[in-house]
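Q: Shown below is the structure under consideration.
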Number of protein chains: 4
Amino acid sequence: MDSDSDGVHEQLEVIFDQSAAQRRRASLNPGTSNRPSSQRQKTSCFVHQLLEEKSKSGQWTPSTDILSDRTADKETPEDQRNGDETQRHTQSRLLTKKQLSDMAFGIRELSKKLGHIRLLLKVRNVFLLTKAHDQKLIANTRDMTQYLLKNTNEEGQPYVVWVEETMRDNAVFNAKGLLDHDPSYKDRLRYWTNELCAKKPHTFEICIALGGDGTVLYASWLFQRVVPPVMSFALGSLGFLTKFDFDNYPHILTRAFRDGVTVSLRLRFEATVMRARPRSQNENGSGNEGDYRDLIDEIIGESSDDSTTHHPLVSHNILNDIVLDREPNATMSSIEIFGDEEHFTTVQADGVCVATPTGSTAYNLAAGGSLCHPENPVILVTAIAPHTLSFRPIILPDTIVLRMGVPYDARASCWASFDGKERTELTPGDYVTVSASRFPFPSVLPLDRRNQKQSKKT
Amino acid sequence: MDSDSDGVHEQLEVIFDQSAAQRRRASLNPGTSNRPSSQRQKTSCFVHQLLEEKSKSGQWTPSTDILSDRTADKETPEDQRNGDETQRHTQSRLLTKKQLSDMAFGIRELSKKLGHIRLLLKVRNVFLLTKAHDQKLIANTRDMTQYLLKNTNEEGQPYVVWVEETMRDNAVFNAKGLLDHDPSYKDRLRYWTNELCAKKPHTFEICIALGGDGTVLYASWLFQRVVPPVMSFALGSLGFLTKFDFDNYPHILTRAFRDGVTVSLRLRFEATVMRARPRSQNENGSGNEGDYRDLIDEIIGESSDDSTTHHPLVSHNILNDIVLDREPNATMSSIEIFGDEEHFTTVQADGVCVATPTGSTAYNLAAGGSLCHPENPVILVTAIAPHTLSFRPIILPDTIVLRMGVPYDARASCWASFDGKERTELTPGDYVTVSASRFPFPSVLPLDRRNQKQSKKT
Amino acid sequence: MDSDSDGVHEQLEVIFDQSAAQRRRASLNPGTSNRPSSQRQKTSCFVHQLLEEKSKSGQWTPSTDILSDRTADKETPEDQRNGDETQRHTQSRLLTKKQLSDMAFGIRELSKKLGHIRLLLKVRNVFLLTKAHDQKLIANTRDMTQYLLKNTNEEGQPYVVWVEETMRDNAVFNAKGLLDHDPSYKDRLRYWTNELCAKKPHTFEICIALGGDGTVLYASWLFQRVVPPVMSFALGSLGFLTKFDFDNYPHILTRAFRDGVTVSLRLRFEATVMRARPRSQNENGSGNEGDYRDLIDEIIGESSDDSTTHHPLVSHNILNDIVLDREPNATMSSIEIFGDEEHFTTVQADGVCVATPTGSTAYNLAAGGSLCHPENPVILVTAIAPHTLSFRPIILPDTIVLRMGVPYDARASCWASFDGKERTELTPGDYVTVSASRFPFPSVLPLDRRNQKQSKKT
Amino acid sequence: MDSDSDGVHEQLEVIFDQSAAQRRRASLNPGTSNRPSSQRQKTSCFVHQLLEEKSKSGQWTPSTDILSDRTADKETPEDQRNGDETQRHTQSRLLTKKQLSDMAFGIRELSKKLGHIRLLLKVRNVFLLTKAHDQKLIANTRDMTQYLLKNTNEEGQPYVVWVEETMRDNAVFNAKGLLDHDPSYKDRLRYWTNELCAKKPHTFEICIALGGDGTVLYASWLFQRVVPPVMSFALGSLGFLTKFDFDNYPHILTRAFRDGVTVSLRLRFEATVMRARPRSQNENGSGNEGDYRDLIDEIIGESSDDSTTHHPLVSHNILNDIVLDREPNATMSSIEIFGDEEHFTTVQADGVCVATPTGSTAYNLAAGGSLCHPENPVILVTAIAPHTLSFRPIILPDTIVLRMGVPYDARASCWASFDGKERTELTPGDYVTVSASRFPFPSVLPLDRRNQKQSKKT
């Protein structure tokens, strides 16, 4: 930021605000020191290529995090031992305000660029995703598999098609029938597992999701970090996330793979459940007073250091929303909401919905939130049936770390769910952090959206 | 953007999307060609200094616009003749999507920087603003005037205090009493006029607004283009825009002028009323068919060229909101809403409120909109008492040009107002454009906001 | 109510609450003394017949009011002189709490009865109503006129058809063509005027409204007191008030006139504008203090007697809603709301909508009110864009007298409209009273609604 | 209703609508036949005395139900055996439309009367209710107990004070201390049990509730049928249901017992859980087709007879609301809503809240419902976070039987709760009926409410 001071002349001095550089509380981890940043290899993904350059130019410190993920492709023994993948990179909630802000800015800038760029994907490995219990969709998946296996890409190379492990013996999918038809398919029809998605997301140049917005959320769930560009097909009416009509898929795929696609980077949130540590006996002796704990003080108080009071339980990257709701038997929940180092409010409500712009059309809307353009870099916080009648939905910048906790003196637990899954109890004293994820979700748009629209009208 | 293509490797090609560079319809003006960009002088304003550098670096094409304003300081005869100030720079509604997006991005980035920087203002000329009809506030204004005239800045220079022209003979303000007290004040007590604000905004290092959020809006109205940093004092409870307590003003001013301030750049909108031109007889012969006009087609149709159908009537830079509402006698209004080249929807409602993040706490909230953090780069569109029950408030990016018009076949006019003023009739066929203004509103924040908060708690 | 005290035994005494019988303030009129209650004649209307009996049984004091209307049929010279029709009966706002409550109860009970009863209307005079500017509807009206003139009722009598005066020379209606076709129509095709509706509503056994909910509101406007049963036909989709499909009208009318109809009595409100009298000089001497007036005190204060402070300007019976809204130029309105002798609240809002259950689906819904079953005996009060965020729509019993006024110190006037018409300025100090009207609106329902529904399903 | 037909004259015939008298479906019970209606004794309760007269006059058929409750005082062996108290009277859901309407009307009329009457209660037995786990409230209860034991009523009789069984050994309440102080208290300090409340509600002339709205709900829960007049005291701020200030209780009780009270009859709802019977093998053979069941058809279909498809599980009389909500793990619930024999709508939402006017200020308000005056005879139906954005709260008359069910093909159960208690699972096919209860809740109001208000102002 030195360059800015060039602008200073006799009337003016610039003094850096120290507090901005200060590390946030809630920073448990030793941080960036022990991350493996050296053994990079050339990425196959344009999106992450761009991110990497950004980081090299120094605009976006701890930018190496995203690369460390790719080292997972090497499957070192260490990786295999390390079950807690989410601890391998510095989570966004642990960044300083400035780092988080830079990261968010980097992604916004990238999104802006991508909006103007046509990407040629050079597809070789196609990842196919559908609802594994919907017979009709499985039949459609088989159609598309067969179509892809029959065809080649622009450079004459045959496609490798990856379907879910469960398709191997699925009667409707009938893999054997495919192979019987053409034994050469054998090498090119492969099966993915959840683990492969987690470990080697770069294997796939594209992910094709069949079957509605739910399937797109499933893709986001599978690819918790780097996500291949996702092209979503709907049967029947298009949804908010499903942009292509299945009826037309051969034509659509041909054009997309040949002419390129536009990718919209959808903001995801990284959400981490922070569990309250039991208070140690030793620390406090046996005083009664020592039993009293105040969540607000532990989170933003003067001497707060949440590594002693809380530990991270689990993290999720989500595309739609994090919902906290009341214990079923409770009348309502009481939730403390914090933005960065400020205590915003205490909400008495059925719950709170924290939505991405992408999720604004889902539960957020039912709870009374606003419709949000997917490009807005915002966090939408909406209370569900708030007892405080004047409570209104709040729009926050994606450079904020949001924390929502259950006060220690709450009568009941809350429950957190992440894109409608992974329901987790928050007992009194626990909280959830929400911040912009460094792993956005690349959603493939029709290239000629604008022309299509206009042609519709004529 | 060339540098990005470095990221391209064998698997990938980048092709620029031509449509992004395409000039928007609604571009009447010859544009950037005849703007006076050469005779720049050093700016006295840090904020605009930074903006200037941005433009020099080429990141923000037609960045010279903002400079042309400063040439107003020279008061060339040409300027004096030129009554229509708003036509002197390219209005933001006329920018291409890319230009608008770059401009918005530039301001966002600047805002981000300012959030971390302490500014030393080196104040010499203080602009004082209050409600000219409130006796108590005038008395307060006199207090502050006297205080400033008595004191000097850090470098020992006396202040020049500017008050409204009407104070010259105001009994409560009693200018004569001040001068009688100390004749040396004579040169340093000056009177501003609306014209001076419009022409020479750089005269003032700081604007001090006394008396509530309304006075802040008044400052925004006075300074339609470049705005000096505005420091707002409230008597009694602080408002959303009034950040300082008058009771403490000597201490607050001393610290602010000595230690510096933090400035938050508030997004303003540029709103232009576009009046439908009467259909020329010549063009259409005398066919009955020629009488039929379709607003949607004129705005975004294939062959639309709104210079032949509409002309700009008047432009305003607003800080809170543009409100369109129904003719008093009408049951409701029918308003067409467009975002860039898309027709979003037709709203049947009492009206529509388009708010900045700053304005989110005003009428927007009453109409059912969300609370919005002032840093979010968004446009809030909220219908007032919509007859379509499923209509929900919409959050749009500030890189969009919004247009709202009255269909030609509407039974009644609409009325537009701008920050609650300048009420203008929109007859059928007219529309209003709203886009991010290149002239944000610099609001002075307490330097140590965070520490203050924490100290309150202890 | 004496009979109740029979229920009293040794443990219990009943003491009547004196305050209930106390006359309300706001009672200007000498009241029931000079109403002509003797010269009754047999009513031709079942509905009013029932109401009359109720009154005879003493349950519903000043029940004679409704009858006095019928005396209008006699057209005494006095009536003709008396322009201010609304003063001829005691308005419901002037009733005591007990009287109003009894009246409301009487109408509720009647409604309940009518819900179970099939009415044979013995139609002779048919009142036809449509939109006088809609060519298509006029053509439809002519169709129906011709159909009715051609046919006879169950007892073989020909129908008399009444159309609007303006149809006499309407080209589309072509009255001359009808008469040319059959000269005997001459006596049976008649023309109604607004005055006839006001003076002799009993002339018509049925009113047929063609053309949507607006036409039904028009019927309510025309028949300000006694309303003939209204049968409403829609073209195209049925509305909330239009219950019959025009396409089928010959069959529908035949069945309705032969087999009878069900009538639903829709609650109407009586709304009166009360204008503040200028304060007399004599009363208050010339003290400055005397200039200060407090609306709340004048309406419900200890010594309030609004005959000295306000006078009634005009009254309306409305079917949908009374809307108060802000002066177009004002930011918002400030409205004091009173229920009986209580000051409920001061609303800061764009306005207030007071809706009948029938009107609940109109503006009330847009303003955020609830859907209300038409049989509920309630008053729906909903603020439009309230600045007090916790303000919620209110449901009041129809036995309350609601008053809404503009405080004397308001900066701007409000405007009241009645079923969307009769827009009237309320200057500071004025108020509007709303109470259940003694003249409900009899809406004809399909006789076999229930069976129709079920048959749809099979 | 014979008398009404007097109103019929030559133009008119009245034919009773047969369908109104038709018994509703959902009528399982043999009904009124075996109810013990003869052995009445004089009631000790004015309210029920009035109800009894209403029934004698024939206006309100099966009016004897309410009396049969009083026979419980006799504790016949049969009663003791009969655990299922709720089956002893005909439940309101089983009434015909006309019966239900008559009953609702009877209660409305009674409420109206009570609003004008001062009741002298001649209190002998005082029922004291508080939160059994709140030490402070128990201390207050002891105070009041002591006060009452010390004093006598107007006729010089000492009071009998009933406290909860658990007070017998409660240290704070310290019953022993009381008796030590005055052994004569022994006979007059008694202990109530839930069973006593259920069986002999007439034992108590008054119920005094200490401690907020929750305690009032507890009173309603205890007295499921006849409820003694409830006088509620709050500590600190008064609630919606707590009308008296504890600080003043000796004065308030003295005046209330001496001068009388006003009683407001609050509408309660009777809610019954209807469990789907498993489809019998015999009926349907073993066809696959037989497995398909349609809830809408079973409830309102042509041949529906729900005694074969459903059986009543449990009934509750509730004062605030019945809430149906989604299974915690489910995204949302799908609920079918029926009013009488009509299918209103299918709601996709988090749940549905059905509130009494009394409950309108509780959960209903949080869910977006309206404030409702307690005297309105209405049912408030409000969806919680409805996915159908145009869904609006609905106000229904209390003469309707509402049914809400979980469709057979729903993916998840719903859960019903009654005044926040008695949470019950509704598996697919189950439904809940809601209708006006014949056992309203008599709430004691301050006698001179109006005067108090006015005096506050002076």
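Each chain in the structure tokens gets a letter, A, B, ..., in the order shown, and its residues are numbered from 1; ligands are numbered from 1 in order too.
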Using only C-alpha atoms, I'd like a table of the residues in chain C that come within 10 Å of chain A; for each, show the closest atom pair and its distance in Å rounded to one decimal, ordered by chain and ascending number, as CSV.
A:
```
residue,atom,partner,partner_atom,distance
C:Thr388,CA,A:Ser390,CA,7.9
C:Leu389,CA,A:Ser390,CA,4.8
C:Ser390,CA,A:Ser390,CA,4.6
C:Phe391,CA,A:Leu389,CA,8.0
C:Arg392,CA,A:Leu389,CA,8.5
```
Q: How about saving the chosen residues, all heavy atoms kept, as a tab-separated table (two decimals), in the first residue's frame?
A:
```
chain	number	residue	atom	x	y	z
C	388	THR	N	-42.51	2.86	12.14
C	388	THR	CA	-42.34	2.07	13.34
C	388	THR	C	-42.33	0.63	12.90
C	388	THR	O	-43.36	0.08	12.52
C	388	THR	CB	-43.52	2.29	14.31
C	388	THR	OG1	-43.81	3.67	14.34
C	388	THR	CG2	-43.20	1.75	15.68
C	389	LEU	N	-41.14	0.01	12.93
C	389	LEU	CA	-41.03	-1.30	12.30
C	389	LEU	C	-41.85	-2.37	13.00
C	389	LEU	O	-42.21	-3.37	12.42
C	389	LEU	CB	-39.56	-1.73	12.27
C	389	LEU	CG	-38.67	-0.81	11.44
C	389	LEU	CD1	-37.29	-1.40	11.34
C	389	LEU	CD2	-39.26	-0.60	10.07
C	390	SER	N	-42.14	-2.15	14.28
C	390	SER	CA	-42.86	-3.20	14.99
C	390	SER	C	-44.37	-3.06	14.85
C	390	SER	O	-45.11	-3.86	15.38
C	390	SER	CB	-42.48	-3.16	16.47
C	390	SER	OG	-42.75	-1.89	17.00
C	391	PHE	N	-44.82	-2.05	14.11
C	391	PHE	CA	-46.26	-1.90	13.91
C	391	PHE	C	-46.80	-3.08	13.12
C	391	PHE	O	-46.29	-3.44	12.08
C	391	PHE	CB	-46.57	-0.60	13.17
C	391	PHE	CG	-48.02	-0.25	13.20
C	391	PHE	CD1	-48.52	0.59	14.17
C	391	PHE	CD2	-48.90	-0.81	12.28
C	391	PHE	CE1	-49.87	0.91	14.21
C	391	PHE	CE2	-50.25	-0.51	12.32
C	391	PHE	CZ	-50.74	0.35	13.28
C	392	ARG	N	-47.85	-3.66	13.62
C	392	ARG	CA	-48.46	-4.81	12.94
C	392	ARG	C	-49.93	-4.54	12.64
C	392	ARG	O	-50.58	-3.80	13.38
C	392	ARG	CB	-48.38	-6.05	13.84
C	392	ARG	CG	-47.03	-6.68	13.86
C	392	ARG	CD	-46.70	-7.16	12.46
C	392	ARG	NE	-45.33	-7.61	12.36
C	392	ARG	CZ	-44.93	-8.83	12.72
C	392	ARG	NH1	-45.82	-9.68	13.18
C	392	ARG	NH2	-43.69	-9.17	12.61
```
Q: If DSSP is run on the backbone, what residues of stretch 179-409 of chain B are helix (DSSP H, G or I)? A reply as a ChimeraX atom specification would be ideal.
A: /B:179-181,183-187,194-199,201-203,213-222,246-259,281-284,289-291,295-300,306-309,358-361,363-366
Q: Return the single residue from B:Val263, B:Pro446, B:Ala410, B:Ile138 that is closest to B:Lys113, with distances computed using only C-alpha atoms.
A: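 Among the listed residues, B:Val263 lies closest to B:Lys113.
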Q: For A:Val161, please output as number ranges by chain all residues within 7 Å (counting only C-alpha atoms; exclusion window: fewer than 3 positions along the same chain).
A: A: 125-127, 145, 188-190
Q: Take the residues from that selection and put them in a file with N, CA, C and O atoms, as a PDB file, in the first residue's frame.
A:
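Dumped to selection10.pdb:
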```
ATOM      1  N   ASN A 125     -11.964 -35.374 -18.982  1.00  0.00           N
ATOM      2  CA  ASN A 125     -12.623 -36.141 -17.927  1.00  0.00           C
ATOM      3  C   ASN A 125     -13.917 -35.461 -17.502  1.00  0.00           C
ATOM      4  O   ASN A 125     -13.900 -34.332 -17.026  1.00  0.00           O
ATOM      5  N   VAL A 126     -15.021 -36.168 -17.713  1.00  0.00           N
ATOM      6  CA  VAL A 126     -16.320 -35.611 -17.385  1.00  0.00           C
ATOM      7  C   VAL A 126     -16.863 -36.303 -16.133  1.00  0.00           C
ATOM      8  O   VAL A 126     -16.934 -37.533 -16.079  1.00  0.00           O
ATOM      9  N   PHE A 127     -17.225 -35.477 -15.173  1.00  0.00           N
ATOM     10  CA  PHE A 127     -17.755 -35.998 -13.919  1.00  0.00           C
ATOM     11  C   PHE A 127     -19.273 -35.918 -13.987  1.00  0.00           C
ATOM     12  O   PHE A 127     -19.835 -34.840 -14.166  1.00  0.00           O
ATOM     13  N   THR A 145     -24.021 -40.711 -20.667  1.00  0.00           N
ATOM     14  CA  THR A 145     -22.776 -41.485 -20.608  1.00  0.00           C
ATOM     15  C   THR A 145     -22.476 -42.098 -21.973  1.00  0.00           C
ATOM     16  O   THR A 145     -21.369 -41.980 -22.507  1.00  0.00           O
ATOM     17  N   ARG A 188     -12.706 -46.212 -20.233  1.00  0.00           N
ATOM     18  CA  ARG A 188     -13.155 -44.832 -20.183  1.00  0.00           C
ATOM     19  C   ARG A 188     -14.422 -44.628 -19.351  1.00  0.00           C
ATOM     20  O   ARG A 188     -14.879 -43.520 -19.183  1.00  0.00           O
ATOM     21  N   LEU A 189     -14.991 -45.698 -18.873  1.00  0.00           N
ATOM     22  CA  LEU A 189     -16.093 -45.565 -17.925  1.00  0.00           C
ATOM     23  C   LEU A 189     -15.544 -45.839 -16.532  1.00  0.00           C
ATOM     24  O   LEU A 189     -15.184 -46.966 -16.207  1.00  0.00           O
ATOM     25  N   ARG A 190     -15.477 -44.793 -15.748  1.00  0.00           N
ATOM     26  CA  ARG A 190     -14.863 -44.960 -14.434  1.00  0.00           C
ATOM     27  C   ARG A 190     -15.826 -44.563 -13.334  1.00  0.00           C
ATOM     28  O   ARG A 190     -16.872 -43.984 -13.580  1.00  0.00           O
TER      29      ARG A 190
END
```
Q: How many Å separate atom CA of C:Val401 from atom CA of C:Met274?
A: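 That distance, rounded to one decimal, is 13.6 Å.
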Q: May I have the residues within 7 Å of stretch 198-213 of chain B as a PyMOL selection string, using only C-alpha atoms and disregarding those fewer than 3 positions away in the same chain?
A: chain B and resi 44+72-73+121+123-131+137+194-195+216-217+222-224+226-235+239-242
Q: Can you tell me, as a list in words, what residues are no more than 8 Å from B:Pro407 when counting only C-alpha atoms, ignoring any on the same chain fewer than 6 positions away?
A: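 Contacts, with the query itself left out: Asp294, Leu295, Ile296, Ser334, Ile335, Glu336, Pro428, Gly429 and Asp430 of chain B.
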Q: For D:Ala271, please output as an MDAnalysis selection string all residues within 6 Å (counting only C-alpha atoms; exclusion window: fewer than 3 positions along the same chain).
A: chainID D and resid 315:316 433:434
Q: May I have the residues within 7 Å of B:Phe441 as a PyMOL selection string, using only C-alpha atoms and disregarding those fewer than 3 positions away in the same chain?
A: chain B and resi 227+265-268
Q: One decimal, Å: what's the distance from atom CA of B:Asp187 over to atom CA of B:Ala256, could you say?
A: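 Between atom CA of B:Asp187 and atom CA of B:Ala256 the gap works out to 24.4 Å.
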